[in-house]
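Right, one structure below, let's go through it.
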Amino acid sequence: MLRTAACGFGSLALADILQAAEKIDARLPGAVPKAKRVIFLFMAGGPSQQDLFDPKEFIRKKHGEKIDSPLRKEVTQIGTEKFLALAEAAPVKARGQSGMMVSDLLPHLSSVVDDICLLRGMNADNPQHASATNQFHTGVFTEVRPSMGAWISYGLGTENKNLPSFVSIHAPGVRTYGSGFLPADHQGTPLTVPLDPKTLPIENLRNASASDEIQRKRMELTRRQNQRLVDELHGDRNMEGMIQNMELAFRMQTTTPQLVDISKESKETLALYGIGDKDADKQGRACLLARKLSESGVRFVQVTMDGWDHHGDIRGNLPRLCKQTDQPVAGLLKDLKQRGLLKDTLVLWSGEFGRTPWSQDLSGTAPIAKHGREHQPESFCAWMAGGGVKGGLTYGETDHMGYRVVNGKVHIHDLHATMLHLLGLDHTRLTWRHLGRDFRLTDVHGSVVKEILA
């Protein structure tokens with residue numbers, strides 16, 4: 001049966017019908033994928049690269065002094081009109097055999113730097129949280145497009161028919177896990193880490209019927225009604241995706257409760273992630289669940305760790321966020337590695353942008369010790385591990401004040417292209433025809449960053 005989409009503009013073109021009938025093969029010819037799955041650790045709010053990975057001697061020497069603004073004269077940033085240099089909150093030192101620069105605020109990550117590839121020349125296009133977050137997740141910051149997890153699900157399919165191919169833990173918004181114009185079965189499943197046995201990790205997952213038999217009958221009735229509608233419309237990929245999602249949800253009622261149960265994990269594993277620690281417990285549970293989901297066949301797992309938007313008192317707030325996330329993130333890498341999963345699991349850590357080397361004082365009267373930093377998409381840091389990237393490599397360089405990328409720039413589109421390449425997909429061929437044109441995650445941009453490939 002040819003599958004078409006019903007919409008208010010009439011029938012789709014023949015190319016759209018053929019697109020729906022035959023899935024695009026975007027695999028790289030003759031290539032063996034380095035990665036089979038992705039875990040994306042999203043630091044929502046924009047972590048400060050200068051405080052964590054990219055300190056500047058010029059800024060340190062000028063701390064508290066006025067520096068020349070690199071901004072255009074017509075650009076105004078609230079609370080930064082003094083342009084006072086703000087040195088890093090804690091010492092940033094060379095770590096591991098690679099000598100990678102990492103802050104004292106990240107002692108656990110410092111122990112695994114030889115497994116990560118640090119990108120110090122990241123670049124985005126928008127200084128606003130919502131728009132920058134959308135661009136990082138979907139490739140654009142204005143339109144509604146499929147998220148990268150949905151694109152990867154579409155390109156690779158699922159490894160476990162009883163679990164979704166894409167799960168978003170503590171999702172920052174529906175657009176970050178939505179499927180856009182792709183079939184609905186590629187949309188991410190939002191999940192909340194259960195902190196007690198009574199908390200449902202996924203909304204509406206529990207069987208509300210009197211018995212499994214009654215629920216099965218209700219499901220079958222709904223399926224027949226939906227299928228009749230699909231037949232009347234001569235095919236509707238969104239409706240078909242909804243039917244598949246309902247069947248998946250039914251199967252998940254059996255598999256998911258056991259999967260999210262961490263009570264059977266060893267004490268050593270729980271301690272590795274910081275579970276039980278007053279600071280790291282929540283994110284430790286999220287990272288452990290990400291490992292369990294990935295190990296069980298989920299293609300793309302996203303874990304959002306928010307709170308990194310430090311416009312004020314960064315020296316007081318940044319250590320707190322690092323205590324919450326450092327051990328869980330490093331524990332995840334160690335756990336994946338000891339289980340033999342890191343070699344084909346691509347782990348990505350990043351925020352939507354970085355923060356300025358000059359300080360921000362929203363009150364106008366606070367001492368510099370209580371200042372924060374403004375948004376900076378011009379340059380920031382991200383890192384990747386496993387899945388075919390070079391461990392222990394620092395790639396990219398910024399100018400003397402840490403504002404512009406001067407070498408090794410990696411735009412969001414380049415990052416997406418590289419991720420798909422490591423998964424064995426050609427980002428220029430992973431397309432979906434919509435409204436008369438072929439769309440892709442990287443739009444018309446993006447180049448694979450070959451220098452970081454193992």
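Chain identifiers are assigned as A, B, and so on, following the order in which chains appear in the structure tokens; residues are numbered from 1 within each chain, and ligands are numbered from 1 in order of appearance.
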
Could you name the residues that touch Leu348 (chain A) at 7 Å or less, counting only C-alpha atoms, but leaving out those on the same chain fewer than 3 positions away, as a list in words?
->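 Result of the neighbour search: Ile39, Phe40, Leu41, Trp383, Met384 and Ala385 of chain A.
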
File of the preceding selection, N, CA and C atoms, as a PDB file, in the first residue's frame:
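As written to disk, part-v9.pdb reads:
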ATOM      1  N   ILE A  39      24.201   8.463  23.310  1.00  0.00           N
ATOM      2  CA  ILE A  39      23.725   9.034  24.573  1.00  0.00           C
ATOM      3  C   ILE A  39      24.121  10.505  24.563  1.00  0.00           C
ATOM      4  N   PHE A  40      23.135  11.374  24.587  1.00  0.00           N
ATOM      5  CA  PHE A  40      23.364  12.818  24.525  1.00  0.00           C
ATOM      6  C   PHE A  40      23.093  13.421  25.900  1.00  0.00           C
ATOM      7  N   LEU A  41      24.125  13.965  26.517  1.00  0.00           N
ATOM      8  CA  LEU A  41      24.024  14.606  27.817  1.00  0.00           C
ATOM      9  C   LEU A  41      23.941  16.108  27.582  1.00  0.00           C
ATOM     10  N   TRP A 383      32.088  17.896  24.281  1.00  0.00           N
ATOM     11  CA  TRP A 383      32.990  16.758  24.132  1.00  0.00           C
ATOM     12  C   TRP A 383      32.224  15.504  23.731  1.00  0.00           C
ATOM     13  N   MET A 384      32.941  14.591  23.089  1.00  0.00           N
ATOM     14  CA  MET A 384      32.382  13.317  22.664  1.00  0.00           C
ATOM     15  C   MET A 384      33.292  12.208  23.176  1.00  0.00           C
ATOM     16  N   ALA A 385      32.722  11.017  23.314  1.00  0.00           N
ATOM     17  CA  ALA A 385      33.512   9.866  23.756  1.00  0.00           C
ATOM     18  C   ALA A 385      32.959   8.603  23.119  1.00  0.00           C
TER      19      ALA A 385
END

Find the residues around Gln283 (chain A) up to 7 Å (only C-alpha atoms counted), leave out those fewer than 2 positions away in its own chain, and share them as a JSON list (two decimals) with C-alpha atoms, in the first residue's frame.
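Listed below is the output, around-v9.json:
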[["chain", "number", "residue", "atom", "x", "y", "z"],
["A", 280, "ALA", "CA", 24.59, 13.59, 42.56],
["A", 281, "ASP", "CA", 21.66, 11.23, 43.23],
["A", 285, "ARG", "CA", 19.90, 7.79, 38.43],
["A", 286, "ALA", "CA", 19.35, 9.46, 35.06],
["A", 287, "CYS", "CA", 22.78, 8.42, 33.75],
["A", 324, "GLN", "CA", 25.44, 17.32, 40.70],
["A", 325, "THR", "CA", 26.72, 16.14, 37.32],
["A", 328, "PRO", "CA", 27.23, 10.67, 37.23]]

What is the CA of Ala290 (chain A) to CA of Gln302 (chain A) distance in Å?
->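 Computed distance, CA of Ala290 (chain A) to CA of Gln302 (chain A), equals 7.6 Å.
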
Contacts of region 390-392 of chain A at 8 Å or less, counting only C-alpha atoms, minus same-chain residues fewer than 5 places along, as a PyMOL selection string?
-> chain A and resi 97-100+113-118+385+452-454

Between region 352-443 of chain A and region 176-179 of chain A, at 12 Å or less, what are the per-residue closest atom pairs and their distances in Å? Count only C-alpha atoms, order by chain and rising residue number, and return it as JSON lines.
{"residue": "A:Glu352", "atom": "CA", "partner": "A:Thr176", "partner_atom": "CA", "distance": 11.7}
{"residue": "A:Trp432", "atom": "CA", "partner": "A:Ser179", "partner_atom": "CA", "distance": 11.6}
{"residue": "A:Leu441", "atom": "CA", "partner": "A:Ser179", "partner_atom": "CA", "distance": 11.5}

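Residues in contact with Gly316 (chain A) at up to 9 Å, not including ones fewer than 5 positions away on its chain and judged by only C-alpha atoms, are Ala89, Ala369 and Lys370 of chain A.
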
Long-range neighbours of Pro367 (chain A) as a ChimeraX atom specification, 12 Å cut-off, only C-alpha atoms, 2 positions minimum in chain = /A:64,84,86,312-313,315,359-365,369-372

Between A:Phe380, A:Asn126, A:Ile314, A:Thr158, which has the minimum distance to Ile368 (chain A) (counting only C-alpha atoms)?
-> A:Ile314

Go through A:Arg72, A:Arg120, A:Arg299, A:Arg437 one by one, measure the shortest atom-to-atom distance of each to His411 (chain A) using only C-alpha atoms, and give the residue with the smallest value.
-> A:Arg120

Could you state the separation of CA of Ile262 (chain A) and CA of Met305 (chain A) in Å, given to one decimal place?
->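 Answer for the CA of Ile262 (chain A) to CA of Met305 (chain A) separation: 19.8 Å.
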
Could you tell me, as a ChimeraX atom specification, which residues of region 36-73 of chain A DSSP assigns to strand (DSSP E) when given the backbone?
-> /A:37-44

Write out the residues from the selection above, keeping N, CA and C atoms, as a PDB file, in the first residue's frame.
ATOM      1  N   ARG A  37      24.687   3.452  18.692  1.00  0.00           N
ATOM      2  CA  ARG A  37      23.715   4.172  19.505  1.00  0.00           C
ATOM      3  C   ARG A  37      24.350   5.454  20.034  1.00  0.00           C
ATOM      4  N   VAL A  38      23.508   6.359  20.546  1.00  0.00           N
ATOM      5  CA  VAL A  38      23.980   7.659  21.039  1.00  0.00           C
ATOM      6  C   VAL A  38      23.382   7.927  22.421  1.00  0.00           C
ATOM      7  N   ILE A  39      24.201   8.463  23.310  1.00  0.00           N
ATOM      8  CA  ILE A  39      23.725   9.034  24.573  1.00  0.00           C
ATOM      9  C   ILE A  39      24.121  10.505  24.563  1.00  0.00           C
ATOM     10  N   PHE A  40      23.135  11.374  24.587  1.00  0.00           N
ATOM     11  CA  PHE A  40      23.364  12.818  24.525  1.00  0.00           C
ATOM     12  C   PHE A  40      23.093  13.421  25.900  1.00  0.00           C
ATOM     13  N   LEU A  41      24.125  13.965  26.517  1.00  0.00           N
ATOM     14  CA  LEU A  41      24.024  14.606  27.817  1.00  0.00           C
ATOM     15  C   LEU A  41      23.941  16.108  27.582  1.00  0.00           C
ATOM     16  N   PHE A  42      22.740  16.663  27.744  1.00  0.00           N
ATOM     17  CA  PHE A  42      22.497  18.058  27.405  1.00  0.00           C
ATOM     18  C   PHE A  42      22.524  18.920  28.665  1.00  0.00           C
ATOM     19  N   MET A  43      23.505  19.815  28.729  1.00  0.00           N
ATOM     20  CA  MET A  43      23.657  20.724  29.863  1.00  0.00           C
ATOM     21  C   MET A  43      22.887  22.006  29.554  1.00  0.00           C
ATOM     22  N   ALA A  44      21.606  22.009  29.838  1.00  0.00           N
ATOM     23  CA  ALA A  44      20.731  23.104  29.454  1.00  0.00           C
ATOM     24  C   ALA A  44      21.057  24.387  30.209  1.00  0.00           C
TER      25      ALA A  44
END

So which bits of region 15-149 of chain A end up helix (DSSP H, G or I) when you DSSP the backbone, as a ChimeraX atom specification?
-> /A:15-21,49-52,57-61,107-110,113-115,129-138,148-149

Just to be explicit: take each residue in the selection above, keep N, CA and C atoms, and write the result as an mmCIF file, in the first residue's frame.
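And here's out.cif as it stands now:
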data_model
loop_
_atom_site.group_PDB
_atom_site.id
_atom_site.type_symbol
_atom_site.label_atom_id
_atom_site.label_comp_id
_atom_site.auth_asym_id
_atom_site.auth_seq_id
_atom_site.Cartn_x
_atom_site.Cartn_y
_atom_site.Cartn_z
ATOM 1 N N ALA A 15 6.461 12.262 -5.914
ATOM 2 C CA ALA A 15 7.724 12.029 -5.209
ATOM 3 C C ALA A 15 7.495 11.820 -3.716
ATOM 4 N N ASP A 16 6.510 12.536 -3.147
ATOM 5 C CA ASP A 16 6.191 12.365 -1.734
ATOM 6 C C ASP A 16 5.636 10.971 -1.474
ATOM 7 N N ILE A 17 4.781 10.492 -2.403
ATOM 8 C CA ILE A 17 4.194 9.165 -2.241
ATOM 9 C C ILE A 17 5.278 8.099 -2.298
ATOM 10 N N LEU A 18 6.187 8.241 -3.258
ATOM 11 C CA LEU A 18 7.274 7.274 -3.362
ATOM 12 C C LEU A 18 8.175 7.339 -2.133
ATOM 13 N N GLN A 19 8.379 8.574 -1.608
ATOM 14 C CA GLN A 19 9.180 8.731 -0.389
ATOM 15 C C GLN A 19 8.560 7.944 0.757
ATOM 16 N N ALA A 20 7.244 8.036 0.884
ATOM 17 C CA ALA A 20 6.558 7.352 1.971
ATOM 18 C C ALA A 20 6.544 5.848 1.772
ATOM 19 N N ALA A 21 6.533 5.411 0.501
ATOM 20 C CA ALA A 21 6.437 3.985 0.219
ATOM 21 C C ALA A 21 7.775 3.276 0.383
ATOM 22 N N GLN A 49 32.578 27.614 29.234
ATOM 23 C CA GLN A 49 33.756 26.906 28.734
ATOM 24 C C GLN A 49 35.043 27.425 29.369
ATOM 25 N N GLN A 50 35.103 28.725 29.685
ATOM 26 C CA GLN A 50 36.327 29.269 30.280
ATOM 27 C C GLN A 50 36.549 28.734 31.691
ATOM 28 N N ASP A 51 35.482 28.501 32.400
ATOM 29 C CA ASP A 51 35.609 27.989 33.766
ATOM 30 C C ASP A 51 35.888 26.496 33.811
ATOM 31 N N LEU A 52 35.554 25.782 32.729
ATOM 32 C CA LEU A 52 35.645 24.321 32.761
ATOM 33 C C LEU A 52 36.746 23.743 31.881
ATOM 34 N N GLU A 57 44.899 33.020 29.691
ATOM 35 C CA GLU A 57 45.852 33.752 30.516
ATOM 36 C C GLU A 57 45.579 35.251 30.463
ATOM 37 N N PHE A 58 45.200 35.758 29.301
ATOM 38 C CA PHE A 58 44.906 37.187 29.151
ATOM 39 C C PHE A 58 43.774 37.611 30.085
ATOM 40 N N ILE A 59 42.712 36.803 30.141
ATOM 41 C CA ILE A 59 41.573 37.119 30.995
ATOM 42 C C ILE A 59 41.950 37.000 32.464
ATOM 43 N N ARG A 60 42.755 36.000 32.783
ATOM 44 C CA ARG A 60 43.169 35.812 34.176
ATOM 45 C C ARG A 60 43.979 37.022 34.664
ATOM 46 N N LYS A 61 44.892 37.522 33.830
ATOM 47 C CA LYS A 61 45.714 38.668 34.224
ATOM 48 C C LYS A 61 44.899 39.947 34.313
ATOM 49 N N PRO A 107 36.560 16.756 39.101
ATOM 50 C CA PRO A 107 37.592 15.764 39.417
ATOM 51 C C PRO A 107 37.304 14.388 38.841
ATOM 52 N N HIS A 108 36.036 13.998 38.767
ATOM 53 C CA HIS A 108 35.702 12.675 38.234
ATOM 54 C C HIS A 108 35.907 12.632 36.718
ATOM 55 N N LEU A 109 35.473 13.669 36.025
ATOM 56 C CA LEU A 109 35.704 13.719 34.584
ATOM 57 C C LEU A 109 37.192 13.768 34.275
ATOM 58 N N SER A 110 37.963 14.423 35.151
ATOM 59 C CA SER A 110 39.413 14.516 34.949
ATOM 60 C C SER A 110 40.066 13.140 34.903
ATOM 61 N N VAL A 113 39.684 11.670 31.025
ATOM 62 C CA VAL A 113 39.886 12.561 29.872
ATOM 63 C C VAL A 113 40.523 11.861 28.677
ATOM 64 N N ASP A 114 41.275 10.808 28.916
ATOM 65 C CA ASP A 114 41.922 10.128 27.803
ATOM 66 C C ASP A 114 40.930 9.312 26.979
ATOM 67 N N ASP A 115 39.683 9.263 27.425
ATOM 68 C CA ASP A 115 38.631 8.608 26.651
ATOM 69 C C ASP A 115 37.745 9.604 25.902
ATOM 70 N N HIS A 129 18.148 31.201 24.571
ATOM 71 C CA HIS A 129 18.076 29.810 25.018
ATOM 72 C C HIS A 129 17.170 28.944 24.141
ATOM 73 N N ALA A 130 15.916 29.362 23.962
ATOM 74 C CA ALA A 130 14.958 28.524 23.246
ATOM 75 C C ALA A 130 15.399 28.273 21.813
ATOM 76 N N SER A 131 15.824 29.328 21.124
ATOM 77 C CA SER A 131 16.235 29.178 19.726
ATOM 78 C C SER A 131 17.507 28.352 19.606
ATOM 79 N N ALA A 132 18.477 28.605 20.482
ATOM 80 C CA ALA A 132 19.729 27.844 20.434
ATOM 81 C C ALA A 132 19.499 26.381 20.767
ATOM 82 N N THR A 133 18.611 26.115 21.726
ATOM 83 C CA THR A 133 18.279 24.737 22.071
ATOM 84 C C THR A 133 17.628 24.032 20.896
ATOM 85 N N ASN A 134 16.719 24.716 20.220
ATOM 86 C CA ASN A 134 16.079 24.125 19.042
ATOM 87 C C ASN A 134 17.103 23.834 17.954
ATOM 88 N N GLN A 135 18.046 24.755 17.728
ATOM 89 C CA GLN A 135 19.049 24.511 16.695
ATOM 90 C C GLN A 135 19.924 23.309 17.048
ATOM 91 N N PHE A 136 20.318 23.201 18.311
ATOM 92 C CA PHE A 136 21.176 22.082 18.696
ATOM 93 C C PHE A 136 20.449 20.754 18.499
ATOM 94 N N HIS A 137 19.148 20.743 18.768
ATOM 95 C CA HIS A 137 18.397 19.488 18.697
ATOM 96 C C HIS A 137 17.826 19.195 17.319
ATOM 97 N N THR A 138 17.516 20.223 16.531
ATOM 98 C CA THR A 138 16.821 19.997 15.258
ATOM 99 C C THR A 138 17.562 20.538 14.043
ATOM 100 N N MET A 148 17.162 15.445 16.281
ATOM 101 C CA MET A 148 18.210 14.543 15.795
ATOM 102 C C MET A 148 17.954 13.106 16.243
ATOM 103 N N GLY A 149 17.346 12.932 17.406
ATOM 104 C CA GLY A 149 16.989 11.580 17.818
ATOM 105 C C GLY A 149 15.988 10.952 16.878
#

Could you tell me how far CA of Asp344 (chain A) lies from CA of Lys36 (chain A), in Å and to one decimal?
->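 So the two atoms, CA of Asp344 (chain A) and CA of Lys36 (chain A), lie 5.5 Å apart.
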
Between A:Ile412, A:Ala366, A:Val301, A:Ile275, which has the minimum distance to Pro164 (chain A) (counting only C-alpha atoms)?
-> A:Val301

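Of the listed residues (A:Leu182, A:Cys381, A:Arg228, A:Trp358), A:Trp358 comes nearest to Ile67 (chain A); the distances count only C-alpha atoms.
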
Can I get the residues of region 96-206 of chain A within 9 Å of region 295-298 of chain A, each with the closest pair of atoms and their distance in Å to one decimal, using only C-alpha atoms, sorted chain first then ascending number, as a Markdown table?
| residue | atom | partner | partner_atom | distance |
| --- | --- | --- | --- | --- |
| A:Thr158 | CA | A:Val298 | CA | 6.8 |
| A:Glu159 | CA | A:Gly297 | CA | 4.8 |
| A:Asn160 | CA | A:Gly297 | CA | 5.1 |
| A:Lys161 | CA | A:Gly297 | CA | 8.7 |
| A:Leu163 | CA | A:Val298 | CA | 6.7 |
| A:Pro164 | CA | A:Val298 | CA | 6.3 |
| A:Ser165 | CA | A:Val298 | CA | 4.7 |
| A:Phe166 | CA | A:Val298 | CA | 6.1 |
| A:Val167 | CA | A:Val298 | CA | 7.3 |
